[in-house]
Amino acid sequence: MNHTDLQLELQGDIAIIRLTRGAKRNALSDALILALRNTFENLPSTVRAAVIDGEGPHFCAGLDLSELQERDAGQGLQHSRMWHAALDLVQFGPVPVIAALHGAVVGGGLELASACHIRVADATTFYALPEGSRGIFVGGGGSVRIPKLIGAARMTDMMMTGRVYNAEEGERAGFAQYLVPEGSAFEKAVELARRVATNAPLTNYALMHALPRIAEQPADHGFFTEALMAGIAQSAPDAKERVRAFLEGKAAKVQKS
């Protein structure tokens, strides 16, 4: 399933998905977007969590502008929807996805990162949305996902003024849940993926697929959806076994970190 610009490596039940266009700062070509879609559509059933990483000093510097071409409105619409289909498979695919961020997380790279469930940034990371200065608009789902991380006002500022957030500012703003020393984002992302992979699969599925939808529902709808999901999750044999182990004193209690 490897592609010229993307590499899939399996480490037990963890999938490592690496963008391998390091010479182009892992800029997202159409071929790379389609390779991402194909990879998530065809992950082996043994995979329980995935890590997305970028080769070289940058996670992803955004859209490959060398491919940018004149399109009429209909063509532009279809191109954007192709990105949506690919990144939807990251967010709403089969397994939780942790992004290992470093260097540039810019434009389409930020759209990709925002489709992941957990983001780990190292100290070299910086975030930007230069589309505003280039006369274009985000088209990979960024206008939906990024405001949920940082708010619409911050995104507006970034696109209007070209503001760049460094790693520490980005963590405070909500781009990443973890900030780690330079060069250690991948190691931390794999550590988290291994932890996430030990969860009951149905609970992970609920967190990926149900929680984002519940968050957007009116409260009464959300409560009902939550009750349905709670009932389904606790009925799974895996869940019953885990609760039984806890009640019998065989499972660790939560400790202060």
# chains A, B, ... in the order shown; residues from 1 in each chain; ligands from 1
>>> residues_around(residues="Asn204 (chain A)", least_positions_apart="4", cutoff="10 Å", atoms="only C-alpha atoms", output="MDAnalysis selection string")
chainID A and resid 48:49 94:96 196:200 208:210 233
>>> closest_atom_pairs(of="region 61-136 of chain A", to="region 169-180 of chain A", cutoff="12 Å", atoms="only C-alpha atoms", output="CSV")
residue,atom,partner,partner_atom,distance
A:Ile98,CA,A:Gln177,CA,10.4
A:Ala99,CA,A:Ala176,CA,9.1
A:Ala100,CA,A:Ala176,CA,9.8
A:Leu101,CA,A:Ala176,CA,8.6
A:His102,CA,A:Val180,CA,10.0
A:Val105,CA,A:Phe175,CA,10.0
A:Val106,CA,A:Phe175,CA,11.7
A:Leu110,CA,A:Phe175,CA,8.8
A:Glu111,CA,A:Phe175,CA,10.9
A:Leu112,CA,A:Phe175,CA,11.9
A:Ala113,CA,A:Phe175,CA,8.7
A:Ser114,CA,A:Phe175,CA,7.8
A:Ala115,CA,A:Phe175,CA,11.4
A:Cys116,CA,A:Ala176,CA,10.3
A:His117,CA,A:Gln177,CA,9.7
A:Ile118,CA,A:Gln177,CA,6.6
A:Arg119,CA,A:Ala176,CA,4.8
A:Val120,CA,A:Tyr178,CA,4.7
A:Ala121,CA,A:Leu179,CA,5.0
A:Asp122,CA,A:Val180,CA,4.7
A:Ala123,CA,A:Val180,CA,6.3
A:Thr124,CA,A:Val180,CA,9.6
A:Thr125,CA,A:Gly170,CA,8.4
A:Phe126,CA,A:Gly170,CA,7.4
A:Tyr127,CA,A:Gly170,CA,7.1
A:Ala128,CA,A:Gly170,CA,10.1
>>> write_last_selection(atoms="N, CA and C atoms", output="PDB file, in the first residue's frame")
ATOM      1  N   ILE A  98      -3.287   9.978  15.623  1.00  0.00           N
ATOM      2  CA  ILE A  98      -2.482  10.955  16.350  1.00  0.00           C
ATOM      3  C   ILE A  98      -1.512  11.584  15.362  1.00  0.00           C
ATOM      4  N   ALA A  99      -1.465  12.914  15.316  1.00  0.00           N
ATOM      5  CA  ALA A  99      -0.551  13.628  14.424  1.00  0.00           C
ATOM      6  C   ALA A  99       0.710  14.019  15.183  1.00  0.00           C
ATOM      7  N   ALA A 100       1.862  13.742  14.595  1.00  0.00           N
ATOM      8  CA  ALA A 100       3.156  14.137  15.154  1.00  0.00           C
ATOM      9  C   ALA A 100       3.623  15.384  14.407  1.00  0.00           C
ATOM     10  N   LEU A 101       3.435  16.548  15.020  1.00  0.00           N
ATOM     11  CA  LEU A 101       3.666  17.815  14.335  1.00  0.00           C
ATOM     12  C   LEU A 101       5.066  18.361  14.630  1.00  0.00           C
ATOM     13  N   HIS A 102       5.675  18.915  13.575  1.00  0.00           N
ATOM     14  CA  HIS A 102       6.977  19.558  13.721  1.00  0.00           C
ATOM     15  C   HIS A 102       7.150  20.490  12.524  1.00  0.00           C
ATOM     16  N   VAL A 105       3.222  23.560   9.865  1.00  0.00           N
ATOM     17  CA  VAL A 105       1.874  22.975   9.833  1.00  0.00           C
ATOM     18  C   VAL A 105       1.013  24.092   9.250  1.00  0.00           C
ATOM     19  N   VAL A 106       1.018  24.169   7.937  1.00  0.00           N
ATOM     20  CA  VAL A 106       0.570  25.365   7.229  1.00  0.00           C
ATOM     21  C   VAL A 106      -0.514  25.000   6.207  1.00  0.00           C
ATOM     22  N   LEU A 110      -2.347  22.138   8.056  1.00  0.00           N
ATOM     23  CA  LEU A 110      -3.156  22.375   9.244  1.00  0.00           C
ATOM     24  C   LEU A 110      -4.537  21.741   9.091  1.00  0.00           C
ATOM     25  N   GLU A 111      -5.065  21.734   7.878  1.00  0.00           N
ATOM     26  CA  GLU A 111      -6.339  21.052   7.642  1.00  0.00           C
ATOM     27  C   GLU A 111      -6.202  19.551   7.915  1.00  0.00           C
ATOM     28  N   LEU A 112      -5.093  18.958   7.475  1.00  0.00           N
ATOM     29  CA  LEU A 112      -4.850  17.544   7.751  1.00  0.00           C
ATOM     30  C   LEU A 112      -4.711  17.306   9.248  1.00  0.00           C
ATOM     31  N   ALA A 113      -3.924  18.141   9.917  1.00  0.00           N
ATOM     32  CA  ALA A 113      -3.728  17.969  11.358  1.00  0.00           C
ATOM     33  C   ALA A 113      -5.037  18.090  12.122  1.00  0.00           C
ATOM     34  N   SER A 114      -5.909  19.015  11.674  1.00  0.00           N
ATOM     35  CA  SER A 114      -7.171  19.234  12.382  1.00  0.00           C
ATOM     36  C   SER A 114      -8.143  18.077  12.202  1.00  0.00           C
ATOM     37  N   ALA A 115      -7.900  17.226  11.205  1.00  0.00           N
ATOM     38  CA  ALA A 115      -8.743  16.038  11.004  1.00  0.00           C
ATOM     39  C   ALA A 115      -8.325  14.896  11.923  1.00  0.00           C
ATOM     40  N   CYS A 116      -7.143  15.006  12.530  1.00  0.00           N
ATOM     41  CA  CYS A 116      -6.674  13.976  13.455  1.00  0.00           C
ATOM     42  C   CYS A 116      -7.329  14.173  14.821  1.00  0.00           C
ATOM     43  N   HIS A 117      -7.273  13.153  15.642  1.00  0.00           N
ATOM     44  CA  HIS A 117      -7.975  13.194  16.921  1.00  0.00           C
ATOM     45  C   HIS A 117      -7.116  13.756  18.051  1.00  0.00           C
ATOM     46  N   ILE A 118      -5.827  13.513  17.983  1.00  0.00           N
ATOM     47  CA  ILE A 118      -4.883  14.043  18.969  1.00  0.00           C
ATOM     48  C   ILE A 118      -3.703  14.605  18.195  1.00  0.00           C
ATOM     49  N   ARG A 119      -3.221  15.782  18.629  1.00  0.00           N
ATOM     50  CA  ARG A 119      -2.092  16.420  17.971  1.00  0.00           C
ATOM     51  C   ARG A 119      -0.981  16.662  18.987  1.00  0.00           C
ATOM     52  N   VAL A 120       0.213  16.168  18.648  1.00  0.00           N
ATOM     53  CA  VAL A 120       1.406  16.360  19.471  1.00  0.00           C
ATOM     54  C   VAL A 120       2.354  17.252  18.685  1.00  0.00           C
ATOM     55  N   ALA A 121       2.723  18.386  19.252  1.00  0.00           N
ATOM     56  CA  ALA A 121       3.613  19.329  18.559  1.00  0.00           C
ATOM     57  C   ALA A 121       4.946  19.406  19.287  1.00  0.00           C
ATOM     58  N   ASP A 122       6.036  19.443  18.519  1.00  0.00           N
ATOM     59  CA  ASP A 122       7.316  19.707  19.175  1.00  0.00           C
ATOM     60  C   ASP A 122       7.629  21.195  19.091  1.00  0.00           C
ATOM     61  N   ALA A 123       8.743  21.583  19.690  1.00  0.00           N
ATOM     62  CA  ALA A 123       9.057  22.998  19.866  1.00  0.00           C
ATOM     63  C   ALA A 123       9.340  23.730  18.563  1.00  0.00           C
ATOM     64  N   THR A 124       9.549  23.004  17.454  1.00  0.00           N
ATOM     65  CA  THR A 124       9.824  23.657  16.172  1.00  0.00           C
ATOM     66  C   THR A 124       8.550  23.984  15.401  1.00  0.00           C
ATOM     67  N   THR A 125       7.416  23.553  15.899  1.00  0.00           N
ATOM     68  CA  THR A 125       6.164  23.657  15.142  1.00  0.00           C
ATOM     69  C   THR A 125       5.702  25.103  15.000  1.00  0.00           C
ATOM     70  N   PHE A 126       5.188  25.432  13.825  1.00  0.00           N
ATOM     71  CA  PHE A 126       4.503  26.713  13.646  1.00  0.00           C
ATOM     72  C   PHE A 126       3.307  26.516  12.729  1.00  0.00           C
ATOM     73  N   TYR A 127       2.288  27.362  12.943  1.00  0.00           N
ATOM     74  CA  TYR A 127       0.994  27.212  12.274  1.00  0.00           C
ATOM     75  C   TYR A 127       0.658  28.480  11.495  1.00  0.00           C
ATOM     76  N   ALA A 128       0.128  28.312  10.282  1.00  0.00           N
ATOM     77  CA  ALA A 128      -0.269  29.471   9.482  1.00  0.00           C
ATOM     78  C   ALA A 128      -1.320  29.056   8.471  1.00  0.00           C
TER      79      ALA A 128
END
>>> closest_residue(among="A:Leu34, A:Ala85, A:Leu65, A:Ala193", to="Val47 (chain A)", atoms="only C-alpha atoms")
A:Ala193
>>> closest_residue(among="A:Lys256, A:Ile146, A:Leu211, A:Gly103", to="Phe59 (chain A)", atoms="only C-alpha atoms")
A:Gly103
>>> closest_residue(among="A:Lys148, A:Asp64, A:Gly76, A:Glu191", to="Glu216 (chain A)", atoms="only C-alpha atoms")
A:Lys148
>>> atom_distance(atom1="CA of Ala86 (chain A)", atom2="CA of Leu36 (chain A)")
6.5 Å
>>> select_by_dssp(residues="region 85-257 of chain A", states="strand (DSSP E)", output="MDAnalysis selection string")
chainID A and resid 97:101 104:106 118:122 126:128 165:166 178:180
>>> residues_around(residues="Arg163 (chain A)", least_positions_apart="4", cutoff="10 Å", atoms="only C-alpha atoms", output="VMD selection string")
chain A and resid 127 to 130 154 to 159
>>> residues_around(residues="region 28-31 of chain A", least_positions_apart="3", cutoff="10 Å", atoms="only C-alpha atoms", output="list in words")
His3, Thr4, Asp5, Leu6, Leu19, Arg21, Lys24, Arg25, Leu34, Ala35, Leu36, Arg37, Cys60, Ala61, Gly62, Leu63, Asp64, Leu65, Ser66, Glu67, Leu68, His79, Met82, Trp83, Gly107, Gly108, Gly109 and Leu112 of chain A
>>> write_last_selection(atoms="N, CA and C atoms", output="compact mmCIF listing (two decimals), in the first residue's frame")
# COMPACT_ATOMS: atom_id res chain seq x y z
N HIS A 3 3.08 4.35 -1.37
CA HIS A 3 2.96 5.24 -2.52
C HIS A 3 4.27 6.01 -2.58
N THR A 4 4.58 6.57 -3.72
CA THR A 4 5.82 7.33 -3.87
C THR A 4 5.98 8.39 -2.79
N ASP A 5 4.89 9.05 -2.42
CA ASP A 5 4.96 10.16 -1.49
C ASP A 5 4.37 9.85 -0.12
N LEU A 6 4.08 8.56 0.13
CA LEU A 6 3.49 8.18 1.40
C LEU A 6 3.93 6.77 1.75
N LEU A 19 4.22 11.03 5.50
CA LEU A 19 4.33 11.78 4.26
C LEU A 19 5.81 11.82 3.88
N ARG A 21 7.39 13.47 1.13
CA ARG A 21 7.81 14.48 0.15
C ARG A 21 8.68 15.53 0.87
N LYS A 24 9.89 18.70 -0.65
CA LYS A 24 8.87 19.72 -0.91
C LYS A 24 8.12 20.09 0.37
N ARG A 25 8.76 19.87 1.50
CA ARG A 25 8.17 20.16 2.82
C ARG A 25 6.83 19.44 2.97
N LEU A 34 -4.99 11.51 -2.50
CA LEU A 34 -5.65 10.26 -2.89
C LEU A 34 -4.97 9.05 -2.23
N ALA A 35 -3.65 9.13 -2.04
CA ALA A 35 -2.94 8.05 -1.36
C ALA A 35 -3.36 7.97 0.10
N LEU A 36 -3.56 9.12 0.74
CA LEU A 36 -4.06 9.13 2.12
C LEU A 36 -5.44 8.47 2.20
N ARG A 37 -6.30 8.86 1.26
CA ARG A 37 -7.64 8.27 1.24
C ARG A 37 -7.57 6.76 1.06
N CYS A 60 3.95 19.36 7.31
CA CYS A 60 3.31 19.56 6.02
C CYS A 60 3.11 21.06 5.78
N ALA A 61 3.66 21.54 4.67
CA ALA A 61 3.60 22.97 4.36
C ALA A 61 2.39 23.36 3.53
N GLY A 62 1.41 22.44 3.40
CA GLY A 62 0.15 22.81 2.75
C GLY A 62 0.02 22.32 1.33
N LEU A 63 -0.88 22.95 0.61
CA LEU A 63 -1.16 22.62 -0.78
C LEU A 63 0.08 22.80 -1.64
N ASP A 64 0.30 21.85 -2.54
CA ASP A 64 1.40 21.97 -3.51
C ASP A 64 0.98 23.00 -4.56
N LEU A 65 1.47 24.23 -4.40
CA LEU A 65 1.04 25.32 -5.28
C LEU A 65 1.50 25.12 -6.73
N SER A 66 2.50 24.23 -6.92
CA SER A 66 2.92 23.96 -8.30
C SER A 66 1.82 23.24 -9.07
N GLU A 67 0.88 22.64 -8.35
CA GLU A 67 -0.25 21.97 -9.00
C GLU A 67 -1.46 22.88 -9.15
N LEU A 68 -1.38 24.05 -8.51
CA LEU A 68 -2.54 24.94 -8.55
C LEU A 68 -2.78 25.37 -9.99
N HIS A 79 -12.83 19.55 -6.75
CA HIS A 79 -11.50 19.38 -6.18
C HIS A 79 -11.55 19.47 -4.66
N MET A 82 -13.02 16.36 -3.17
CA MET A 82 -12.08 15.25 -3.16
C MET A 82 -11.23 15.28 -1.88
N TRP A 83 -10.78 16.48 -1.50
CA TRP A 83 -10.06 16.64 -0.24
C TRP A 83 -10.96 16.27 0.94
N GLY A 107 -1.53 25.84 6.11
CA GLY A 107 -2.55 25.66 5.08
C GLY A 107 -3.17 24.28 5.12
N GLY A 108 -3.05 23.55 4.01
CA GLY A 108 -3.58 22.20 3.94
C GLY A 108 -2.98 21.27 4.97
N GLY A 109 -1.75 21.55 5.41
CA GLY A 109 -1.13 20.76 6.48
C GLY A 109 -1.88 20.92 7.78
N LEU A 112 -5.09 18.96 7.48
CA LEU A 112 -4.85 17.54 7.75
C LEU A 112 -4.71 17.31 9.25
>>> atom_distance(atom1="CA of Ser235 (chain A)", atom2="CA of Pro212 (chain A)")
21.7 Å
>>> select_by_dssp(residues="region 83-130 of chain A", states="helix (DSSP H, G or I)", output="PyMOL selection string")
chain A and resi 83-91+108-115+130
>>> atom_distance(atom1="CA of Glu131 (chain A)", atom2="CA of Gly74 (chain A)")
19.7 Å
>>> closest_residue(among="A:Ser133, A:Ser184, A:Gln78, A:Thr20", to="Met160 (chain A)", atoms="only C-alpha atoms")
A:Ser133
>>> closest_residue(among="A:Ile16, A:Leu8, A:Ile52, A:Ile232", to="Asn38 (chain A)", atoms="only C-alpha atoms")
A:Leu8
>>> closest_residue(among="A:Ile136, A:Leu32, A:Val51, A:Ala153", to="Ala185 (chain A)", atoms="only C-alpha atoms")
A:Val51
>>> decode(residues="region 217-240 of chain A", atoms="N, CA and C atoms", output="compact mmCIF listing (two decimals), in the first residue's frame")
# COMPACT_ATOMS: atom_id res chain seq x y z
N GLN A 217 -25.19 18.75 18.51
CA GLN A 217 -26.64 18.57 18.61
C GLN A 217 -27.23 19.46 19.70
N PRO A 218 -28.51 19.82 19.58
CA PRO A 218 -29.19 20.46 20.71
C PRO A 218 -29.08 19.56 21.93
N ALA A 219 -29.12 20.15 23.12
CA ALA A 219 -28.86 19.39 24.34
C ALA A 219 -29.74 18.15 24.47
N ASP A 220 -31.05 18.30 24.21
CA ASP A 220 -31.93 17.14 24.40
C ASP A 220 -31.61 16.02 23.41
N HIS A 221 -31.24 16.40 22.17
CA HIS A 221 -30.82 15.39 21.19
C HIS A 221 -29.50 14.75 21.63
N GLY A 222 -28.58 15.59 22.10
CA GLY A 222 -27.28 15.09 22.53
C GLY A 222 -27.40 14.11 23.69
N PHE A 223 -28.25 14.43 24.67
CA PHE A 223 -28.44 13.53 25.79
C PHE A 223 -28.98 12.17 25.32
N PHE A 224 -29.91 12.20 24.38
CA PHE A 224 -30.49 10.95 23.90
C PHE A 224 -29.45 10.14 23.12
N THR A 225 -28.68 10.81 22.25
CA THR A 225 -27.63 10.11 21.51
C THR A 225 -26.60 9.53 22.46
N GLU A 226 -26.26 10.31 23.50
CA GLU A 226 -25.31 9.82 24.50
C GLU A 226 -25.83 8.55 25.17
N ALA A 227 -27.12 8.55 25.54
CA ALA A 227 -27.69 7.39 26.20
C ALA A 227 -27.66 6.17 25.30
N LEU A 228 -27.96 6.36 24.01
CA LEU A 228 -27.89 5.25 23.07
C LEU A 228 -26.47 4.70 22.98
N MET A 229 -25.50 5.60 22.86
CA MET A 229 -24.11 5.17 22.70
C MET A 229 -23.61 4.51 23.97
N ALA A 230 -24.00 5.04 25.14
CA ALA A 230 -23.58 4.44 26.41
C ALA A 230 -24.14 3.03 26.54
N GLY A 231 -25.41 2.85 26.15
CA GLY A 231 -26.01 1.53 26.23
C GLY A 231 -25.33 0.54 25.30
N ILE A 232 -25.00 0.99 24.10
CA ILE A 232 -24.35 0.10 23.14
C ILE A 232 -22.94 -0.26 23.62
N ALA A 233 -22.19 0.75 24.08
CA ALA A 233 -20.80 0.51 24.48
C ALA A 233 -20.71 -0.45 25.66
N GLN A 234 -21.56 -0.25 26.68
CA GLN A 234 -21.44 -1.08 27.88
C GLN A 234 -21.93 -2.51 27.65
N SER A 235 -22.64 -2.74 26.54
CA SER A 235 -23.12 -4.09 26.26
C SER A 235 -22.08 -4.95 25.57
N ALA A 236 -20.99 -4.34 25.12
CA ALA A 236 -19.96 -5.10 24.41
C ALA A 236 -19.25 -6.05 25.38
N PRO A 237 -18.92 -7.27 24.95
CA PRO A 237 -18.23 -8.23 25.82
C PRO A 237 -16.94 -7.66 26.41
N ASP A 238 -16.20 -6.90 25.61
CA ASP A 238 -14.95 -6.30 26.08
C ASP A 238 -15.20 -5.37 27.25
N ALA A 239 -16.26 -4.56 27.14
CA ALA A 239 -16.58 -3.63 28.22
C ALA A 239 -16.96 -4.38 29.50
N LYS A 240 -17.78 -5.41 29.37
CA LYS A 240 -18.19 -6.19 30.53
C LYS A 240 -16.99 -6.81 31.23
